[in-house]
Amino acid sequence: MGQSKEQTVKRRRVFYIPGYDPIHPRRYRELYRKESGAQGAISGYEVTLAPKTGGGTYGWHVTGRIDGAETQADVEVLVWSDIVRDSMSNSIPATYLQLARTAWAYIGSGALWRLMKLRKGPVIAALYPVVFLLVQLGLALVAAYGLGQILALALPDWTAWGGLVIVPFLLNWFRKKDGKFFAYYLMHDYAYSARWKGANPAPLEQRLAEFADAIEAALRDDVDEVLVVGHSSGAHLAVSILADLIRQGRVPEDGPALGFLSLGQVVPMVSFLPEAKRLRGGLAFLCQRRELAWVDVTAPGDGCAFALCDPVSVSGVEPEGGKRWPLVVSAAFTQTLSAERWKELRWRFFRLHFQYLCAFDNPGDYDYFKITAGPITLRERYDGRVPSKSRIERPVNKFTSVLE
């Protein structure tokens with residue numbers, strides 16, 4: 001789809017909004033470089049990268065030679081990794097406090113049970129750090145009990161309490177191994193939204209305003225398309241930013257085409273919380289707008305995303321008159337990845353969550369590099385595309401109040 005269409009994009013600005021990620025954005029440049037080369041070799045096109053010129057945040061320049069046309073694109077990462085790092089507790093006791101607070105936010109509000117009605121994968125991913133951290137604590141306490149019994153054999157009985165001295169050392173050992181387990185990382189991730197019950201803290205709101213300014217400036221630039229890509233929790237940030245821009249009249253009528261590509265979204269993890277009124281208001285507003293094209297891509301094979309769950313409908317904010325967006329599309333990993341590749345990646349859950357930014361062995365109508373470096377707009381590429389039949393649209397959310 002789209003290969004036979006004439007070139008309408010010669011210059012493009014791309015804004016990539018990462019999920020909850022404390023790592024420097026250069027990882028996304030290197031991922032783009034590696035995977036665009038791999039996809040080009042498979043699909044018969046060429047994508048080359050060059051250093052970014054001009055101001056703004058971290059990014060790179062792309063030249064795409066795709067479908068017989070050459071397209072220039074400037075990709076910019078809208079960085080909030082510093083906010084992520086600041087939100088990640090450095091102490092073990094603080095992390096366990098986060099655990100209790102987060103569990104109460106989801107269980108006490110009833111959000112957890114409703115989320116399980118959608119997809120069990122991301123709910124299991126949310127429960128995993130809670131269970132794993134509790135298991136770590138349990139093992140540390142068992143070891144403390146054993147040490148205490150040994151002490152009591154040779155010393156007075158009260159010295160058995162001395163076994164507790166081993167607990168912080170064991171918990172710290174587990175934390176040092178978290179690069180393999182991701183329990184602490186995921187705990188901080190879910191705790192970030194749960195702490196404010198779905199509302200945005202002030203530092204994040206300020207950063208969203210800065211992101212909106214950058215996108216508005218691009219919309220007044222001499223380009224053919226401005227494309228906003230929100231990955232994982234970056235998708236719900238993009239919803240709020242784009243809704244603000246359109247509400248405030250900051251999207252020029254005669255400006256470049258505006259596209260919004262949400263990938264591997266986890267919107268319900270936030271929109272199902274009681275104070276996520278701003279996000280729900282953005283969803284309800286954005287889904288009806290003509291100013292943009294919104295395509296939502298997920299895959300059932302991604303256990304960390306709410307695959308094929310229409311973020312507007314399941315959040316309970318679809319307007320009575322119906323909605324225009326998003327177009328819900330499946331990346332269909334079991335079909336677009338070779339059997340060998342799927343076997344290799346199937347149980348690598350975090351790697352699969354980034355597959356949307358990577359090469360596919362048998363790409364269907366979703367190709368990240370054709371979308372970001374190709375010669376037609378997002379709207380044109382998916383013009384006439386019907387949504388995935390297996391999408392979930394039933395309203396499940398209890399909290400439907402919105403911030404206008």
# chains A, B, ... in the order shown; residues from 1 in each chain; ligands from 1

call {"tool": "select_by_dssp", "arguments": {"residues": "stretch 32-245 of chain A", "states": "helix (DSSP H, G or I)", "output": "ChimeraX atom specification"}}
result
/A:32-43,81-87,92-108,111-116,120-154,157-176,178-181,183-195,202-219,234-245

call {"tool": "residues_around", "arguments": {"residues": "A:Ala217", "least_positions_apart": "4", "cutoff": "12 Å", "atoms": "only C-alpha atoms", "output": "list in words"}}
result
Arg13, Phe15, Gly55, Gly56, Glu210, Phe211, Ala212, Asp213, Asp221, Asp222, Val223, Val226, Leu245, Arg250, Val251, Pro252, Gly255 and Pro256 of chain A

call {"tool": "write_last_selection", "arguments": {"atoms": "N, CA, C and O atoms", "output": "PDB file, in the first residue's frame"}}
result
ATOM      1  N   ARG A  13       9.606  16.681   9.186  1.00  0.00           N
ATOM      2  CA  ARG A  13      10.116  16.793  10.560  1.00  0.00           C
ATOM      3  C   ARG A  13       9.468  15.683  11.377  1.00  0.00           C
ATOM      4  O   ARG A  13       8.231  15.526  11.355  1.00  0.00           O
ATOM      5  N   PHE A  15       9.185  13.986  15.240  1.00  0.00           N
ATOM      6  CA  PHE A  15       9.421  14.134  16.677  1.00  0.00           C
ATOM      7  C   PHE A  15       9.113  12.807  17.348  1.00  0.00           C
ATOM      8  O   PHE A  15       7.974  12.338  17.327  1.00  0.00           O
ATOM      9  N   GLY A  55      19.261  23.910  15.733  1.00  0.00           N
ATOM     10  CA  GLY A  55      19.040  23.812  17.169  1.00  0.00           C
ATOM     11  C   GLY A  55      18.119  22.662  17.535  1.00  0.00           C
ATOM     12  O   GLY A  55      17.999  21.692  16.813  1.00  0.00           O
ATOM     13  N   GLY A  56      17.459  22.832  18.683  1.00  0.00           N
ATOM     14  CA  GLY A  56      16.564  21.790  19.164  1.00  0.00           C
ATOM     15  C   GLY A  56      17.289  20.767  20.005  1.00  0.00           C
ATOM     16  O   GLY A  56      18.480  20.914  20.328  1.00  0.00           O
ATOM     17  N   GLU A 210       7.139  22.602  26.541  1.00  0.00           N
ATOM     18  CA  GLU A 210       8.313  22.823  25.695  1.00  0.00           C
ATOM     19  C   GLU A 210       8.234  21.969  24.432  1.00  0.00           C
ATOM     20  O   GLU A 210       8.584  22.432  23.337  1.00  0.00           O
ATOM     21  N   PHE A 211       7.767  20.738  24.571  1.00  0.00           N
ATOM     22  CA  PHE A 211       7.597  19.867  23.407  1.00  0.00           C
ATOM     23  C   PHE A 211       6.582  20.481  22.435  1.00  0.00           C
ATOM     24  O   PHE A 211       6.779  20.453  21.218  1.00  0.00           O
ATOM     25  N   ALA A 212       5.496  21.002  22.988  1.00  0.00           N
ATOM     26  CA  ALA A 212       4.462  21.617  22.146  1.00  0.00           C
ATOM     27  C   ALA A 212       5.040  22.802  21.363  1.00  0.00           C
ATOM     28  O   ALA A 212       4.734  22.985  20.175  1.00  0.00           O
ATOM     29  N   ASP A 213       5.884  23.598  22.008  1.00  0.00           N
ATOM     30  CA  ASP A 213       6.509  24.740  21.328  1.00  0.00           C
ATOM     31  C   ASP A 213       7.376  24.269  20.159  1.00  0.00           C
ATOM     32  O   ASP A 213       7.378  24.880  19.082  1.00  0.00           O
ATOM     33  N   ASP A 221       7.372  25.609   9.713  1.00  0.00           N
ATOM     34  CA  ASP A 221       8.579  25.464   8.907  1.00  0.00           C
ATOM     35  C   ASP A 221       8.189  25.077   7.468  1.00  0.00           C
ATOM     36  O   ASP A 221       7.051  24.680   7.198  1.00  0.00           O
ATOM     37  N   ASP A 222       9.148  25.186   6.571  1.00  0.00           N
ATOM     38  CA  ASP A 222       8.902  24.863   5.160  1.00  0.00           C
ATOM     39  C   ASP A 222       9.104  23.367   4.942  1.00  0.00           C
ATOM     40  O   ASP A 222      10.084  22.916   4.339  1.00  0.00           O
ATOM     41  N   VAL A 223       8.171  22.571   5.459  1.00  0.00           N
ATOM     42  CA  VAL A 223       8.212  21.120   5.304  1.00  0.00           C
ATOM     43  C   VAL A 223       6.848  20.643   4.828  1.00  0.00           C
ATOM     44  O   VAL A 223       5.857  21.371   4.884  1.00  0.00           O
ATOM     45  N   VAL A 226       4.749  17.069   9.327  1.00  0.00           N
ATOM     46  CA  VAL A 226       5.273  16.972  10.690  1.00  0.00           C
ATOM     47  C   VAL A 226       4.675  15.712  11.289  1.00  0.00           C
ATOM     48  O   VAL A 226       3.447  15.569  11.368  1.00  0.00           O
ATOM     49  N   LEU A 245      -2.146  21.663  21.301  1.00  0.00           N
ATOM     50  CA  LEU A 245      -1.807  22.464  20.124  1.00  0.00           C
ATOM     51  C   LEU A 245      -3.047  22.789  19.295  1.00  0.00           C
ATOM     52  O   LEU A 245      -3.228  23.932  18.845  1.00  0.00           O
ATOM     53  N   ARG A 250      -2.896  26.399  17.430  1.00  0.00           N
ATOM     54  CA  ARG A 250      -1.484  26.512  17.079  1.00  0.00           C
ATOM     55  C   ARG A 250      -1.092  25.586  15.924  1.00  0.00           C
ATOM     56  O   ARG A 250       0.096  25.396  15.650  1.00  0.00           O
ATOM     57  N   VAL A 251      -2.089  25.019  15.253  1.00  0.00           N
ATOM     58  CA  VAL A 251      -1.840  24.195  14.071  1.00  0.00           C
ATOM     59  C   VAL A 251      -2.328  24.973  12.855  1.00  0.00           C
ATOM     60  O   VAL A 251      -3.536  25.117  12.655  1.00  0.00           O
ATOM     61  N   PRO A 252      -1.433  25.514  12.042  1.00  0.00           N
ATOM     62  CA  PRO A 252      -1.839  26.351  10.905  1.00  0.00           C
ATOM     63  C   PRO A 252      -2.692  25.578   9.904  1.00  0.00           C
ATOM     64  O   PRO A 252      -2.404  24.418   9.595  1.00  0.00           O
ATOM     65  N   GLY A 255      -0.616  24.830   6.871  1.00  0.00           N
ATOM     66  CA  GLY A 255       0.702  24.299   7.200  1.00  0.00           C
ATOM     67  C   GLY A 255       0.902  22.893   6.676  1.00  0.00           C
ATOM     68  O   GLY A 255       0.084  22.361   5.920  1.00  0.00           O
ATOM     69  N   PRO A 256       1.999  22.259   7.055  1.00  0.00           N
ATOM     70  CA  PRO A 256       2.280  20.892   6.611  1.00  0.00           C
ATOM     71  C   PRO A 256       1.278  19.901   7.180  1.00  0.00           C
ATOM     72  O   PRO A 256       0.588  20.176   8.158  1.00  0.00           O
TER      73      PRO A 256
END

call {"tool": "residues_around", "arguments": {"residues": "stretch 170-175 of chain A", "least_positions_apart": "4", "cutoff": "12 Å", "atoms": "only C-alpha atoms", "output": "VMD selection string"}}
result
chain A and resid 89 to 93 95 to 96 129 132 to 144 163 to 166 179 to 185 187

call {"tool": "closest_residue", "arguments": {"among": "A:Met269, A:Arg290, A:Leu263, A:Leu357", "to": "A:Lys370", "atoms": "only C-alpha atoms"}}
result
A:Leu357

call {"tool": "atom_distance", "arguments": {"atom1": "atom CA of A:Asp244", "atom2": "atom CA of A:Pro25"}}
result
24.9 Å

call {"tool": "closest_atom_pairs", "arguments": {"of": "stretch 122-211 of chain A", "to": "stretch 386-404 of chain A", "cutoff": "12 Å", "atoms": "only C-alpha atoms", "output": "Markdown table"}}
result
| residue | atom | partner | partner_atom | distance |
| --- | --- | --- | --- | --- |
| A:Lys197 | CA | A:Phe399 | CA | 11.3 |
| A:Gly198 | CA | A:Phe399 | CA | 10.9 |
| A:Ala199 | CA | A:Leu403 | CA | 10.6 |

call {"tool": "write_last_selection", "arguments": {"atoms": "N, CA, C and O atoms", "output": "PDB file, in the first residue's frame"}}
result
ATOM      1  N   LYS A 197      -1.936   9.442  40.603  1.00  0.00           N
ATOM      2  CA  LYS A 197      -3.212   8.843  40.187  1.00  0.00           C
ATOM      3  C   LYS A 197      -3.605   9.211  38.761  1.00  0.00           C
ATOM      4  O   LYS A 197      -4.770   9.397  38.444  1.00  0.00           O
ATOM      5  N   GLY A 198      -2.599   9.329  37.892  1.00  0.00           N
ATOM      6  CA  GLY A 198      -2.853   9.588  36.487  1.00  0.00           C
ATOM      7  C   GLY A 198      -2.669  11.031  36.066  1.00  0.00           C
ATOM      8  O   GLY A 198      -2.670  11.331  34.866  1.00  0.00           O
ATOM      9  N   ALA A 199      -2.513  11.937  37.009  1.00  0.00           N
ATOM     10  CA  ALA A 199      -2.245  13.341  36.675  1.00  0.00           C
ATOM     11  C   ALA A 199      -0.756  13.502  36.359  1.00  0.00           C
ATOM     12  O   ALA A 199       0.065  12.653  36.705  1.00  0.00           O
TER      13      ALA A 199
END

call {"tool": "residues_around", "arguments": {"residues": "A:Glu253", "least_positions_apart": "3", "cutoff": "12 Å", "atoms": "only C-alpha atoms", "output": "list in words"}}
result
Leu219, Arg220, Ile246, Gly249, Arg250, Pro256, Ala257, Leu258, Arg290, Glu291 and Leu292 of chain A

call {"tool": "decode", "arguments": {"residues": "stretch 383-396 of chain A", "atoms": "all heavy atoms", "output": "short mmCIF file (atom, residue, chain, number, x, y, z; two decimals), in the first residue's frame"}}
result
data_model
loop_
_atom_site.label_atom_id
_atom_site.label_comp_id
_atom_site.auth_asym_id
_atom_site.auth_seq_id
_atom_site.Cartn_x
_atom_site.Cartn_y
_atom_site.Cartn_z
N ASP A 383 -4.58 5.67 3.85
CA ASP A 383 -5.86 6.03 3.26
C ASP A 383 -6.56 4.77 2.73
O ASP A 383 -5.99 4.02 1.94
CB ASP A 383 -5.65 7.03 2.12
CG ASP A 383 -6.97 7.48 1.50
OD1 ASP A 383 -7.98 7.57 2.23
OD2 ASP A 383 -7.00 7.73 0.27
N GLY A 384 -7.78 4.54 3.19
CA GLY A 384 -8.52 3.36 2.76
C GLY A 384 -8.25 2.12 3.58
O GLY A 384 -8.91 1.08 3.38
N ARG A 385 -7.30 2.17 4.48
CA ARG A 385 -6.98 1.01 5.32
C ARG A 385 -8.09 0.82 6.35
O ARG A 385 -8.46 1.74 7.07
CB ARG A 385 -5.64 1.23 6.01
CG ARG A 385 -5.26 0.22 7.10
CD ARG A 385 -5.07 -1.17 6.54
NE ARG A 385 -4.11 -1.96 7.30
CZ ARG A 385 -4.42 -2.76 8.34
NH1 ARG A 385 -5.67 -2.84 8.76
NH2 ARG A 385 -3.47 -3.45 8.95
N VAL A 386 -8.62 -0.40 6.44
CA VAL A 386 -9.65 -0.68 7.44
C VAL A 386 -8.95 -1.07 8.74
O VAL A 386 -7.86 -1.63 8.73
CB VAL A 386 -10.59 -1.82 6.99
CG1 VAL A 386 -11.37 -1.41 5.75
CG2 VAL A 386 -9.81 -3.10 6.73
N PRO A 387 -9.56 -0.75 9.88
CA PRO A 387 -8.93 -1.12 11.16
C PRO A 387 -8.92 -2.62 11.36
O PRO A 387 -9.70 -3.35 10.74
CB PRO A 387 -9.82 -0.42 12.19
CG PRO A 387 -11.13 -0.22 11.51
CD PRO A 387 -10.82 -0.02 10.06
N SER A 388 -8.03 -3.07 12.23
CA SER A 388 -7.93 -4.50 12.51
C SER A 388 -9.23 -5.03 13.07
O SER A 388 -9.83 -4.43 13.98
CB SER A 388 -6.79 -4.76 13.50
OG SER A 388 -5.55 -4.44 12.92
N LYS A 389 -9.68 -6.15 12.55
CA LYS A 389 -10.98 -6.70 12.95
C LYS A 389 -10.98 -7.14 14.41
O LYS A 389 -12.03 -7.14 15.06
CB LYS A 389 -11.34 -7.89 12.05
CG LYS A 389 -11.61 -7.50 10.60
CD LYS A 389 -11.97 -8.71 9.76
CE LYS A 389 -12.25 -8.32 8.32
NZ LYS A 389 -12.59 -9.50 7.48
N SER A 390 -9.83 -7.53 14.92
CA SER A 390 -9.77 -8.05 16.29
C SER A 390 -9.53 -6.95 17.34
O SER A 390 -9.24 -7.26 18.49
CB SER A 390 -8.67 -9.10 16.41
OG SER A 390 -7.43 -8.59 15.97
N ARG A 391 -9.70 -5.71 16.94
CA ARG A 391 -9.50 -4.61 17.89
C ARG A 391 -10.56 -4.66 18.99
O ARG A 391 -11.67 -5.18 18.80
CB ARG A 391 -9.54 -3.26 17.17
CG ARG A 391 -10.91 -2.87 16.65
CD ARG A 391 -10.81 -1.66 15.74
NE ARG A 391 -12.11 -1.23 15.24
CZ ARG A 391 -12.77 -1.80 14.25
NH1 ARG A 391 -12.29 -2.87 13.66
NH2 ARG A 391 -13.93 -1.32 13.86
N ILE A 392 -10.23 -4.10 20.14
CA ILE A 392 -11.13 -4.06 21.29
C ILE A 392 -11.60 -2.62 21.45
O ILE A 392 -10.79 -1.70 21.61
CB ILE A 392 -10.42 -4.54 22.57
CG1 ILE A 392 -9.96 -5.99 22.39
CG2 ILE A 392 -11.34 -4.41 23.78
CD1 ILE A 392 -9.09 -6.50 23.52
N GLU A 393 -12.92 -2.41 21.43
CA GLU A 393 -13.47 -1.06 21.52
C GLU A 393 -14.47 -0.89 22.66
O GLU A 393 -14.97 0.22 22.86
CB GLU A 393 -14.16 -0.69 20.20
CG GLU A 393 -13.22 -0.55 19.02
CD GLU A 393 -13.91 0.00 17.79
OE1 GLU A 393 -14.91 -0.61 17.36
OE2 GLU A 393 -13.46 1.03 17.27
N ARG A 394 -14.75 -1.95 23.40
CA ARG A 394 -15.76 -1.81 24.45
C ARG A 394 -15.25 -0.92 25.58
O ARG A 394 -14.10 -1.04 26.01
CB ARG A 394 -16.17 -3.18 24.99
CG ARG A 394 -15.07 -3.94 25.70
CD ARG A 394 -15.56 -5.32 26.17
NE ARG A 394 -14.53 -6.03 26.90
CZ ARG A 394 -13.58 -6.77 26.31
NH1 ARG A 394 -13.55 -6.85 24.99
NH2 ARG A 394 -12.68 -7.40 27.04
N PRO A 395 -16.08 0.00 26.08
CA PRO A 395 -15.66 0.86 27.19
C PRO A 395 -15.57 0.06 28.48
O PRO A 395 -16.52 -0.62 28.86
CB PRO A 395 -16.77 1.91 27.25
CG PRO A 395 -17.95 1.26 26.62
CD PRO A 395 -17.43 0.31 25.59
N VAL A 396 -14.44 0.14 29.14
CA VAL A 396 -14.20 -0.64 30.35
C VAL A 396 -13.89 0.25 31.55
O VAL A 396 -14.11 -0.14 32.70
CB VAL A 396 -13.03 -1.64 30.12
CG1 VAL A 396 -12.75 -2.46 31.37
CG2 VAL A 396 -13.34 -2.58 28.95
#
